[in-house]
>>> print(open('structure.cif').read())   # mmCIF, C-alpha atoms and all ligand atoms; chains and numbers go by the auth columns
data_my_file
loop_
_atom_site.group_PDB
_atom_site.id
_atom_site.type_symbol
_atom_site.label_atom_id
_atom_site.label_comp_id
_atom_site.label_asym_id
_atom_site.label_seq_id
_atom_site.Cartn_x
_atom_site.Cartn_y
_atom_site.Cartn_z
_atom_site.B_iso_or_equiv
_atom_site.auth_seq_id
_atom_site.auth_asym_id
ATOM 1 C CA MET A 1 -7.059 13.849 17.576 0.00 1 M
ATOM 2 C CA ARG A 2 -6.390 12.050 14.317 0.00 2 M
ATOM 3 C CA THR A 3 -8.112 9.605 11.984 0.00 3 M
ATOM 4 C CA GLU A 4 -7.792 6.036 13.272 0.00 4 M
ATOM 5 C CA LEU A 5 -6.398 3.870 10.456 0.00 5 M
ATOM 6 C CA LEU A 6 -8.253 0.577 10.909 0.00 6 M
ATOM 7 C CA HIS A 7 -6.525 -0.995 7.876 0.00 7 M
ATOM 8 C CA GLN A 8 -3.139 -0.719 9.562 0.00 8 M
ATOM 9 C CA SER A 9 -4.104 -3.456 12.026 0.00 9 M
ATOM 10 C CA ASP A 10 -6.545 -5.301 9.717 0.00 10 M
ATOM 11 C CA PRO A 11 -6.154 -4.678 5.969 0.00 11 M
ATOM 12 C CA TYR A 12 -9.000 -7.151 5.295 0.00 12 M
ATOM 13 C CA LEU A 13 -11.712 -4.890 6.780 0.00 13 M
ATOM 14 C CA GLN A 14 -13.970 -3.914 3.873 0.00 14 M
ATOM 15 C CA SER A 15 -16.318 -1.551 5.702 0.00 15 M
ATOM 16 C CA CYS A 16 -16.713 0.396 8.938 0.00 16 M
ATOM 17 C CA THR A 17 -18.871 3.009 10.602 0.00 17 M
ATOM 18 C CA ALA A 18 -17.358 6.402 11.364 0.00 18 M
ATOM 19 C CA GLN A 19 -18.234 9.918 12.415 0.00 19 M
ATOM 20 C CA VAL A 20 -17.853 12.947 10.151 0.00 20 M
ATOM 21 C CA LEU A 21 -15.353 15.397 11.668 0.00 21 M
ATOM 22 C CA SER A 22 -15.066 17.896 8.841 0.00 22 M
ATOM 23 C CA ARG A 23 -16.327 18.663 5.374 0.00 23 M
ATOM 24 C CA GLU A 24 -14.591 21.041 3.052 0.00 24 M
ATOM 25 C CA GLU A 25 -16.171 21.123 -0.391 0.00 25 M
ATOM 26 C CA ARG A 26 -16.068 17.478 -1.501 0.00 26 M
ATOM 27 C CA ARG A 27 -13.559 16.290 1.130 0.00 27 M
ATOM 28 C CA ILE A 28 -14.897 14.511 4.183 0.00 28 M
ATOM 29 C CA GLY A 29 -12.692 14.053 7.271 0.00 29 M
ATOM 30 C CA LEU A 30 -13.605 11.087 9.491 0.00 30 M
ATOM 31 C CA ASP A 31 -12.620 9.859 12.965 0.00 31 M
ATOM 32 C CA ARG A 32 -11.795 6.379 11.632 0.00 32 M
ATOM 33 C CA THR A 33 -11.488 4.700 8.258 0.00 33 M
ATOM 34 C CA VAL A 34 -10.725 1.513 6.349 0.00 34 M
ATOM 35 C CA PHE A 35 -9.649 3.611 3.330 0.00 35 M
ATOM 36 C CA TYR A 36 -5.938 3.828 2.526 0.00 36 M
ATOM 37 C CA ALA A 37 -4.833 7.414 1.839 0.00 37 M
ATOM 38 C CA ALA A 38 -2.555 7.782 -1.192 0.00 38 M
ATOM 39 C CA GLY A 39 1.104 7.548 -0.247 0.00 39 M
ATOM 40 C CA GLY A 40 4.258 5.488 -0.548 0.00 40 M
ATOM 41 C CA GLY A 41 3.416 4.664 -4.173 0.00 41 M
ATOM 42 C CA GLN A 42 0.080 3.071 -3.271 0.00 42 M
ATOM 43 C CA PRO A 43 -3.050 4.811 -4.647 0.00 43 M
ATOM 44 C CA GLY A 44 -5.797 6.077 -2.369 0.00 44 M
ATOM 45 C CA ASP A 45 -8.821 3.793 -2.028 0.00 45 M
ATOM 46 C CA VAL A 46 -12.190 4.336 -3.683 0.00 46 M
ATOM 47 C CA GLY A 47 -15.621 3.092 -2.597 0.00 47 M
ATOM 48 C CA THR A 48 -18.801 4.523 -1.094 0.00 48 M
ATOM 49 C CA ILE A 49 -20.006 6.498 1.921 0.00 49 M
ATOM 50 C CA ALA A 50 -23.596 6.596 3.188 0.00 50 M
ATOM 51 C CA MET A 51 -25.633 7.714 6.171 0.00 51 M
ATOM 52 C CA PRO A 52 -27.959 5.032 7.636 0.00 52 M
ATOM 53 C CA GLY A 53 -30.994 4.901 5.344 0.00 53 M
ATOM 54 C CA GLY A 54 -29.586 7.774 3.283 0.00 54 M
ATOM 55 C CA PRO A 55 -28.185 8.095 -0.208 0.00 55 M
ATOM 56 C CA ARG A 56 -24.881 6.491 -1.066 0.00 56 M
ATOM 57 C CA PHE A 57 -22.058 8.675 -2.386 0.00 57 M
ATOM 58 C CA ARG A 58 -19.083 7.489 -4.338 0.00 58 M
ATOM 59 C CA ILE A 59 -15.650 8.146 -2.799 0.00 59 M
ATOM 60 C CA GLU A 60 -13.352 8.864 -5.747 0.00 60 M
ATOM 61 C CA GLU A 61 -10.083 9.546 -3.934 0.00 61 M
ATOM 62 C CA THR A 62 -8.577 9.258 -0.465 0.00 62 M
ATOM 63 C CA VAL A 63 -5.743 11.532 0.648 0.00 63 M
ATOM 64 C CA TYR A 64 -4.061 12.795 3.783 0.00 64 M
ATOM 65 C CA ALA A 65 -4.771 16.310 5.019 0.00 65 M
ATOM 66 C CA PRO A 66 -1.617 18.459 4.782 0.00 66 M
ATOM 67 C CA ASP A 67 -0.812 17.804 8.474 0.00 67 M
ATOM 68 C CA ARG A 68 -1.166 14.030 7.845 0.00 68 M
ATOM 69 C CA MET A 69 -3.292 13.721 11.002 0.00 69 M
ATOM 70 C CA PHE A 70 -6.546 13.246 9.127 0.00 70 M
ATOM 71 C CA VAL A 71 -7.676 11.164 6.170 0.00 71 M
ATOM 72 C CA LEU A 72 -9.910 13.001 3.689 0.00 72 M
ATOM 73 C CA HIS A 73 -12.446 11.089 1.560 0.00 73 M
ATOM 74 C CA GLU A 74 -13.295 12.903 -1.649 0.00 74 M
ATOM 75 C CA ILE A 75 -16.854 12.357 -2.880 0.00 75 M
ATOM 76 C CA GLY A 76 -17.912 12.694 -6.493 0.00 76 M
ATOM 77 C CA GLU A 77 -20.629 15.284 -5.845 0.00 77 M
ATOM 78 C CA ASP A 78 -20.919 17.841 -3.083 0.00 78 M
ATOM 79 C CA SER A 79 -23.523 17.062 -0.411 0.00 79 M
ATOM 80 C CA ALA A 80 -24.583 19.041 2.642 0.00 80 M
ATOM 81 C CA LEU A 81 -25.948 15.780 4.090 0.00 81 M
ATOM 82 C CA LEU A 82 -22.496 14.656 5.165 0.00 82 M
ATOM 83 C CA ALA A 83 -22.124 17.218 7.946 0.00 83 M
ATOM 84 C CA PRO A 84 -19.840 17.091 10.995 0.00 84 M
ATOM 85 C CA GLY A 85 -21.303 14.859 13.716 0.00 85 M
ATOM 86 C CA GLU A 86 -23.158 12.542 11.318 0.00 86 M
ATOM 87 C CA GLU A 87 -22.622 8.777 11.536 0.00 87 M
ATOM 88 C CA VAL A 88 -21.699 7.199 8.229 0.00 88 M
ATOM 89 C CA GLU A 89 -20.882 3.804 6.800 0.00 89 M
ATOM 90 C CA LEU A 90 -17.880 3.363 4.527 0.00 90 M
ATOM 91 C CA THR A 91 -17.509 0.535 2.024 0.00 91 M
ATOM 92 C CA LEU A 92 -14.355 -0.147 0.039 0.00 92 M
ATOM 93 C CA ASP A 93 -14.078 -1.089 -3.608 0.00 93 M
ATOM 94 C CA TRP A 94 -12.575 -4.324 -2.338 0.00 94 M
ATOM 95 C CA THR A 95 -11.714 -5.831 -5.723 0.00 95 M
ATOM 96 C CA ARG A 96 -9.424 -2.900 -6.499 0.00 96 M
ATOM 97 C CA ARG A 97 -7.916 -2.668 -3.000 0.00 97 M
ATOM 98 C CA HIS A 98 -7.198 -6.394 -2.836 0.00 98 M
ATOM 99 C CA ARG A 99 -5.293 -6.135 -6.118 0.00 99 M
ATOM 100 C CA HIS A 100 -3.299 -3.280 -4.591 0.00 100 M
ATOM 101 C CA MET A 101 -2.503 -5.527 -1.599 0.00 101 M
ATOM 102 C CA ARG A 102 -1.319 -8.363 -3.867 0.00 102 M
ATOM 103 C CA MET A 103 0.672 -5.928 -6.018 0.00 103 M
ATOM 104 C CA HIS A 104 2.213 -4.171 -3.031 0.00 104 M
ATOM 105 C CA THR A 105 3.358 -7.453 -1.509 0.00 105 M
ATOM 106 C CA ALA A 106 4.679 -8.565 -4.912 0.00 106 M
ATOM 107 C CA LEU A 107 6.820 -5.403 -5.060 0.00 107 M
ATOM 108 C CA HIS A 108 8.361 -6.317 -1.689 0.00 108 M
ATOM 109 C CA LEU A 109 9.270 -9.701 -3.199 0.00 109 M
ATOM 110 C CA LEU A 110 10.688 -7.998 -6.297 0.00 110 M
ATOM 111 C CA SER A 111 12.905 -5.870 -4.051 0.00 111 M
ATOM 112 C CA THR A 112 14.324 -9.028 -2.461 0.00 112 M
ATOM 113 C CA VAL A 113 14.933 -10.683 -5.835 0.00 113 M
ATOM 114 C CA LEU A 114 16.717 -7.524 -7.049 0.00 114 M
ATOM 115 C CA PRO A 115 18.606 -6.352 -3.942 0.00 115 M
ATOM 116 C CA TYR A 116 19.519 -2.903 -5.295 0.00 116 M
ATOM 117 C CA ALA A 117 18.609 0.582 -4.101 0.00 117 M
ATOM 118 C CA VAL A 118 15.007 1.432 -4.964 0.00 118 M
ATOM 119 C CA THR A 119 14.631 4.968 -6.331 0.00 119 M
ATOM 120 C CA GLY A 120 10.881 5.000 -6.980 0.00 120 M
ATOM 121 C CA GLY A 121 7.782 2.939 -7.456 0.00 121 M
ATOM 122 C CA GLN A 122 4.107 2.948 -8.222 0.00 122 M
ATOM 123 C CA ILE A 123 1.359 0.461 -7.445 0.00 123 M
ATOM 124 C CA GLY A 124 -1.666 0.051 -9.699 0.00 124 M
ATOM 125 C CA ALA A 125 -4.498 -2.438 -9.943 0.00 125 M
ATOM 126 C CA GLU A 126 -3.387 -3.425 -13.462 0.00 126 M
ATOM 127 C CA GLU A 127 0.375 -2.884 -13.397 0.00 127 M
ATOM 128 C CA SER A 128 3.014 -1.888 -10.852 0.00 128 M
ATOM 129 C CA ARG A 129 6.658 -0.907 -11.066 0.00 129 M
ATOM 130 C CA LEU A 130 9.830 -0.346 -9.101 0.00 130 M
ATOM 131 C CA ASP A 131 12.808 1.725 -10.234 0.00 131 M
ATOM 132 C CA PHE A 132 16.222 0.416 -9.269 0.00 132 M
ATOM 133 C CA ASP A 133 19.632 1.985 -9.157 0.00 133 M
ATOM 134 C CA ILE A 134 21.445 -0.635 -11.237 0.00 134 M
ATOM 135 C CA PRO A 135 24.427 0.253 -13.429 0.00 135 M
ATOM 136 C CA ASP A 136 24.079 -2.562 -15.885 0.00 136 M
ATOM 137 C CA ALA A 137 21.256 -4.939 -16.047 0.00 137 M
ATOM 138 C CA GLY A 138 21.666 -8.315 -17.601 0.00 138 M
ATOM 139 C CA LEU A 139 18.270 -8.712 -16.002 0.00 139 M
ATOM 140 C CA ASP A 140 16.131 -11.512 -17.307 0.00 140 M
ATOM 141 C CA LYS A 141 12.358 -11.118 -17.044 0.00 141 M
ATOM 142 C CA ASP A 142 11.602 -14.821 -16.783 0.00 142 M
ATOM 143 C CA GLU A 143 14.312 -15.448 -14.205 0.00 143 M
ATOM 144 C CA ILE A 144 12.998 -12.620 -11.990 0.00 144 M
ATOM 145 C CA ALA A 145 9.436 -13.970 -12.340 0.00 145 M
ATOM 146 C CA GLU A 146 10.616 -17.480 -11.426 0.00 146 M
ATOM 147 C CA ARG A 147 12.333 -16.257 -8.292 0.00 147 M
ATOM 148 C CA ILE A 148 9.222 -14.319 -7.246 0.00 148 M
ATOM 149 C CA ALA A 149 7.135 -17.432 -7.972 0.00 149 M
ATOM 150 C CA ALA A 150 9.314 -19.448 -5.580 0.00 150 M
ATOM 151 C CA HIS A 151 8.543 -16.978 -2.755 0.00 151 M
ATOM 152 C CA VAL A 152 4.835 -17.105 -3.664 0.00 152 M
ATOM 153 C CA ALA A 153 4.870 -20.914 -3.621 0.00 153 M
ATOM 154 C CA ALA A 154 6.559 -20.864 -0.189 0.00 154 M
ATOM 155 C CA ASP A 155 3.468 -18.979 1.100 0.00 155 M
ATOM 156 C CA LEU A 156 5.545 -16.904 3.521 0.00 156 M
ATOM 157 C CA PRO A 157 3.690 -15.059 6.305 0.00 157 M
ATOM 158 C CA VAL A 158 3.450 -11.256 5.997 0.00 158 M
ATOM 159 C CA THR A 159 3.334 -9.531 9.387 0.00 159 M
ATOM 160 C CA THR A 160 3.621 -6.014 10.763 0.00 160 M
ATOM 161 C CA GLU A 161 5.293 -4.721 13.886 0.00 161 M
ATOM 162 C CA TRP A 162 5.938 -1.309 15.397 0.00 162 M
ATOM 163 C CA ILE A 163 9.289 -0.165 16.649 0.00 163 M
ATOM 164 C CA THR A 164 10.210 3.044 18.459 0.00 164 M
ATOM 165 C CA ASP A 165 13.016 5.346 17.330 0.00 165 M
ATOM 166 C CA GLU A 166 14.878 4.387 20.541 0.00 166 M
ATOM 167 C CA GLU A 167 14.576 0.664 19.771 0.00 167 M
ATOM 168 C CA LEU A 168 15.933 1.335 16.280 0.00 168 M
ATOM 169 C CA ASP A 169 18.877 3.252 17.737 0.00 169 M
ATOM 170 C CA ARG A 170 19.647 0.377 20.132 0.00 170 M
ATOM 171 C CA ASN A 171 19.375 -2.176 17.336 0.00 171 M
ATOM 172 C CA SER A 172 21.429 -0.808 14.466 0.00 172 M
ATOM 173 C CA GLY A 173 21.852 -4.328 13.046 0.00 173 M
ATOM 174 C CA LEU A 174 18.135 -4.352 12.289 0.00 174 M
ATOM 175 C CA VAL A 175 18.432 -1.237 10.132 0.00 175 M
ATOM 176 C CA LYS A 176 21.325 -2.803 8.224 0.00 176 M
ATOM 177 C CA THR A 177 19.103 -5.704 7.165 0.00 177 M
ATOM 178 C CA MET A 178 16.456 -3.333 5.781 0.00 178 M
ATOM 179 C CA SER A 179 16.497 -2.348 2.126 0.00 179 M
ATOM 180 C CA VAL A 180 14.791 0.970 2.922 0.00 180 M
ATOM 181 C CA LYS A 181 15.972 3.155 5.795 0.00 181 M
ATOM 182 C CA PRO A 182 13.249 3.902 8.331 0.00 182 M
ATOM 183 C CA PRO A 183 12.080 7.517 8.624 0.00 183 M
ATOM 184 C CA ARG A 184 12.959 9.249 11.889 0.00 184 M
ATOM 185 C CA GLY A 185 11.110 11.723 14.026 0.00 185 M
ATOM 186 C CA ALA A 186 7.570 10.300 14.156 0.00 186 M
ATOM 187 C CA GLY A 187 8.425 8.454 17.401 0.00 187 M
ATOM 188 C CA ARG A 188 7.677 5.027 15.999 0.00 188 M
ATOM 189 C CA VAL A 189 7.951 3.207 12.716 0.00 189 M
ATOM 190 C CA ARG A 190 5.780 0.468 11.211 0.00 190 M
ATOM 191 C CA LEU A 191 7.770 -2.464 9.860 0.00 191 M
ATOM 192 C CA VAL A 192 6.547 -5.107 7.435 0.00 192 M
ATOM 193 C CA ARG A 193 8.174 -8.529 7.628 0.00 193 M
ATOM 194 C CA ILE A 194 7.909 -11.266 4.989 0.00 194 M
ATOM 195 C CA GLY A 195 9.063 -14.596 6.409 0.00 195 M
ATOM 196 C CA ASP A 196 12.814 -14.321 6.848 0.00 196 M
ATOM 197 C CA ILE A 197 13.450 -12.703 3.459 0.00 197 M
ATOM 198 C CA ASP A 198 12.302 -9.097 3.868 0.00 198 M
ATOM 199 C CA LEU A 199 11.949 -6.476 6.578 0.00 199 M
ATOM 200 C CA GLN A 200 11.315 -2.843 5.758 0.00 200 M
ATOM 201 C CA PRO A 201 9.492 0.219 7.001 0.00 201 M
ATOM 202 C CA CYS A 202 6.157 0.492 5.173 0.00 202 M
ATOM 203 C CA GLY A 203 2.742 2.003 5.841 0.00 203 M
ATOM 204 C CA GLY A 204 0.931 0.233 3.015 0.00 204 M
ATOM 205 C CA THR A 205 -1.562 -2.627 2.900 0.00 205 M
ATOM 206 C CA HIS A 206 -0.355 -6.171 2.150 0.00 206 M
ATOM 207 C CA VAL A 207 -1.838 -9.652 1.863 0.00 207 M
ATOM 208 C CA ARG A 208 -1.449 -11.970 4.881 0.00 208 M
ATOM 209 C CA SER A 209 0.812 -14.448 3.124 0.00 209 M
ATOM 210 C CA THR A 210 2.680 -14.495 -0.163 0.00 210 M
ATOM 211 C CA GLY A 211 0.610 -17.357 -1.615 0.00 211 M
ATOM 212 C CA GLU A 212 -2.291 -14.933 -1.968 0.00 212 M
ATOM 213 C CA ILE A 213 -0.329 -12.911 -4.555 0.00 213 M
ATOM 214 C CA GLY A 214 -0.698 -15.654 -7.142 0.00 214 M
ATOM 215 C CA ARG A 215 1.209 -15.691 -10.394 0.00 215 M
ATOM 216 C CA VAL A 216 3.239 -12.626 -11.336 0.00 216 M
ATOM 217 C CA GLU A 217 4.616 -11.739 -14.753 0.00 217 M
ATOM 218 C CA ILE A 218 7.426 -9.266 -15.440 0.00 218 M
ATOM 219 C CA THR A 219 6.007 -7.296 -18.359 0.00 219 M
ATOM 220 C CA LYS A 220 8.884 -4.963 -19.096 0.00 220 M
ATOM 221 C CA ILE A 221 12.349 -3.839 -18.004 0.00 221 M
ATOM 222 C CA GLU A 222 13.079 -0.300 -19.158 0.00 222 M
ATOM 223 C CA LYS A 223 16.254 1.705 -19.104 0.00 223 M
ATOM 224 C CA LYS A 224 15.624 5.030 -17.377 0.00 224 M
ATOM 225 C CA GLY A 225 19.028 6.671 -17.573 0.00 225 M
ATOM 226 C CA ARG A 226 22.474 5.175 -17.192 0.00 226 M
ATOM 227 C CA GLN A 227 22.015 4.010 -13.602 0.00 227 M
ATOM 228 C CA ASN A 228 18.347 3.195 -13.564 0.00 228 M
ATOM 229 C CA ARG A 229 16.146 0.295 -14.540 0.00 229 M
ATOM 230 C CA ARG A 230 12.360 0.315 -14.307 0.00 230 M
ATOM 231 C CA VAL A 231 10.849 -3.137 -13.737 0.00 231 M
ATOM 232 C CA ARG A 232 7.137 -3.530 -14.469 0.00 232 M
ATOM 233 C CA LEU A 233 4.995 -6.426 -13.321 0.00 233 M
ATOM 234 C CA ARG A 234 1.408 -7.566 -13.417 0.00 234 M
ATOM 235 C CA LEU A 235 -0.749 -10.198 -11.774 0.00 235 M
ATOM 236 C CA VAL A 236 -1.692 -13.132 -13.941 0.00 236 M
ATOM 237 C CA ASP A 237 -5.151 -14.238 -12.907 0.00 237 M
ATOM 238 C CA GLU A 238 -6.059 -17.809 -13.706 0.00 238 M
ATOM 239 C CA ALA A 239 -9.430 -16.699 -15.058 0.00 239 M
ATOM 240 C CA GLY A 240 -7.396 -15.591 -18.061 0.00 240 M
ATOM 241 C CA ASP A 241 -7.607 -11.801 -17.968 0.00 241 M
HETATM 242 ZN ZN ZN B . 4.745 -2.379 1.812 0.00 1 D
#
>>> encode(input="structure.cif", output="structure tokens", more="lines below")
Ligand SMILES: [Zn+2]
Amino acid sequence: MRTELLHQSDPYLQSCTAQVLSREERRIGLDRTVFYAAGGGQPGDVGTIAMPGGPRFRIEETVYAPDRMFVLHEIGEDSALLAPGEEVELTLDWTRRHRHMRMHTALHLLSTVLPYAVTGGQIGAEESRLDFDIPDAGLDKDEIAERIAAHVAADLPVTTEWITDEELDRNSGLVKTMSVKPPRGAGRVRLVRIGDIDLQPCGGTHVRSTGEIGRVEITKIEKKGRQNRRVRLRLVDEAGD
């Protein structure tokens, strides 16, 4: 048994019912969830958990159990109410998660605009970054933003597909087109495709098409060692924040 990750097939689900499988101190294990567990540079989701007619508890962090089979939802205060077997309702902090989805998809676009090896990255609701292995930059913030904007304006579809290790082995050309090499050994790999410009293994949550990202600004390009450049970006919301 493992936690069913409902957001992997529908990242737009904002709530779900689930059954409590385990509770260890403030960490609640569930049979299914819409909460993304921290990983791959994307933060764990926050939100609330409640029993029908019962008090509502804040979920402050979501992580994988060490075996990665179960997703653990960490509540702000310990409660014996959330015991194994209980039915609960989960509700995401959707505003934050949706920003993560826009940011995450924007980072995929950034990796196509700068086709260099990615050595790290972090998604945030306010700012996100990717680290690139680039010897010398000559990188221009406005030019990068313009090229991302062109992909946003094209409103390219973002889709996911699953491929088995065997299919990958038979189709080595597919791996060559990917900027990130797929992990082996899990039996199957989730791929995220953006139009015909990007295909890479990724377990994160993304928007359904690039138009939903909106306007993106490159806030900073930092030098992190001789071979490394850190590119920071943020979403520019029309409301003016
Ligand atoms: Zn992704």
>>> residues_around(input="structure.cif", residues="segment 199-215 of chain M", least_positions_apart="5", cutoff="9 Å", atoms="all atoms listed in the file", output="ChimeraX atom specification")
/M:7-8,10-12,36,39-42,97-106,108-109,145,148-149,151-160,174-175,177-183,189-194,234-238
>>> atom_distance(input="structure.cif", atom1="atom CA of Ser172 of chain M", atom2="atom CA of Ser111 of chain M")
21.0 Å
>>> closest_residue(input="structure.cif", among="M:Leu110, M:Leu168, M:Cys16, M:Ala150", to="Arg230 of chain M", atoms="all atoms listed in the file")
M:Leu110
>>> residues_around(input="structure.cif", residues="Pro135 of chain M", least_positions_apart="6", cutoff="8 Å", atoms="all atoms listed in the file", output="PDB file with C-alpha atoms, in the coordinates of the input")
ATOM      1  CA  ARG M 226      22.474   5.175 -17.192  1.00  0.00           C
ATOM      2  CA  GLN M 227      22.015   4.010 -13.602  1.00  0.00           C
ATOM      3  CA  ASN M 228      18.347   3.195 -13.564  1.00  0.00           C
TER       4      ASN M 228
END
>>> residues_around(input="structure.cif", residues="Ser128 of chain M", least_positions_apart="2", cutoff="7 Å", atoms="only C-alpha atoms", output="PyMOL selection string")
chain M and resi 103+122-124+232-234
>>> atom_distance(input="structure.cif", atom1="atom CA of Leu130 of chain M", atom2="atom CA of Val118 of chain M")
6.9 Å
>>> resolve_selection(input="structure.cif", expression="the PyMOL selection byres (((chain M and resi 73) around 9) and not hetatm)", output="ChimeraX atom specification")
/M:26-30,35,37,45-46,49,59-64,71-72,74-75
>>> atom_distance(input="structure.cif", atom1="atom CA of Ile163 of chain M", atom2="atom CA of Gly195 of chain M")
17.7 Å
>>> closest_residue(input="structure.cif", among="M:Val88, M:Leu6, M:Leu107, M:Met69", to="ligand ZN 1 (chain D)", atoms="all atoms listed in the file")
M:Leu107
>>> closest_residue(input="structure.cif", among="M:Pro66, M:Pro52, M:Gly121, M:Gly44", to="ligand ZN 1 (chain D)", atoms="only C-alpha atoms and all ligand atoms")
M:Gly121
>>> residues_near_point(input="structure.cif", point="(-14.8, 16.4, 10.7)", cutoff="8 Å", atoms="all atoms listed in the file", output="ChimeraX atom specification")
/M:19-23,28-31,83-85
>>> axis_aligned_box(input="structure.cif", around="segment 217-223 of chain M", padding_each_side="8 Å", output="lines of an AutoDock Vina configuration file")
center_x = 10.4
center_y = -5.0
center_z = -17.0
size_x = 27.6
size_y = 29.4
size_z = 20.4
>>> closest_residue(input="structure.cif", among="M:Gly53, M:Gly47, M:Arg96, M:Glu161", to="Gly76 of chain M", atoms="only C-alpha atoms")
M:Gly47
>>> resolve_selection(input="structure.cif", expression="the PyMOL selection byres (((chain M and resi 81) around 10) and not hetatm)", output="list in words")
Ala50, Met51, Gly54, Pro55, Asp78, Ser79, Ala80, Leu82, Ala83, Pro84 and Glu86 of chain M
>>> closest_residue(input="structure.cif", among="M:Asp198, M:Glu217, M:Phe132, M:Arg147", to="ligand ZN 1 (chain D)", atoms="only C-alpha atoms and all ligand atoms")
M:Asp198
>>> residues_around(input="structure.cif", residues="Asp140 of chain M", least_positions_apart="4", cutoff="10 Å", atoms="all atoms listed in the file", output="number ranges by chain")
M: 144-145, 218, 220-221
>>> resolve_selection(input="structure.cif", expression="the PyMOL selection byres (((chain M and resi 4) around 7) and not hetatm)", output="list in words")
Arg2, Thr3, Leu5, Leu6, Asp31, Arg32 and Thr33 of chain M
>>> closest_residue(input="structure.cif", among="M:Ala117, M:Trp162, M:Val216, M:Thr95", to="Glu143 of chain M", atoms="only C-alpha atoms")
M:Val216
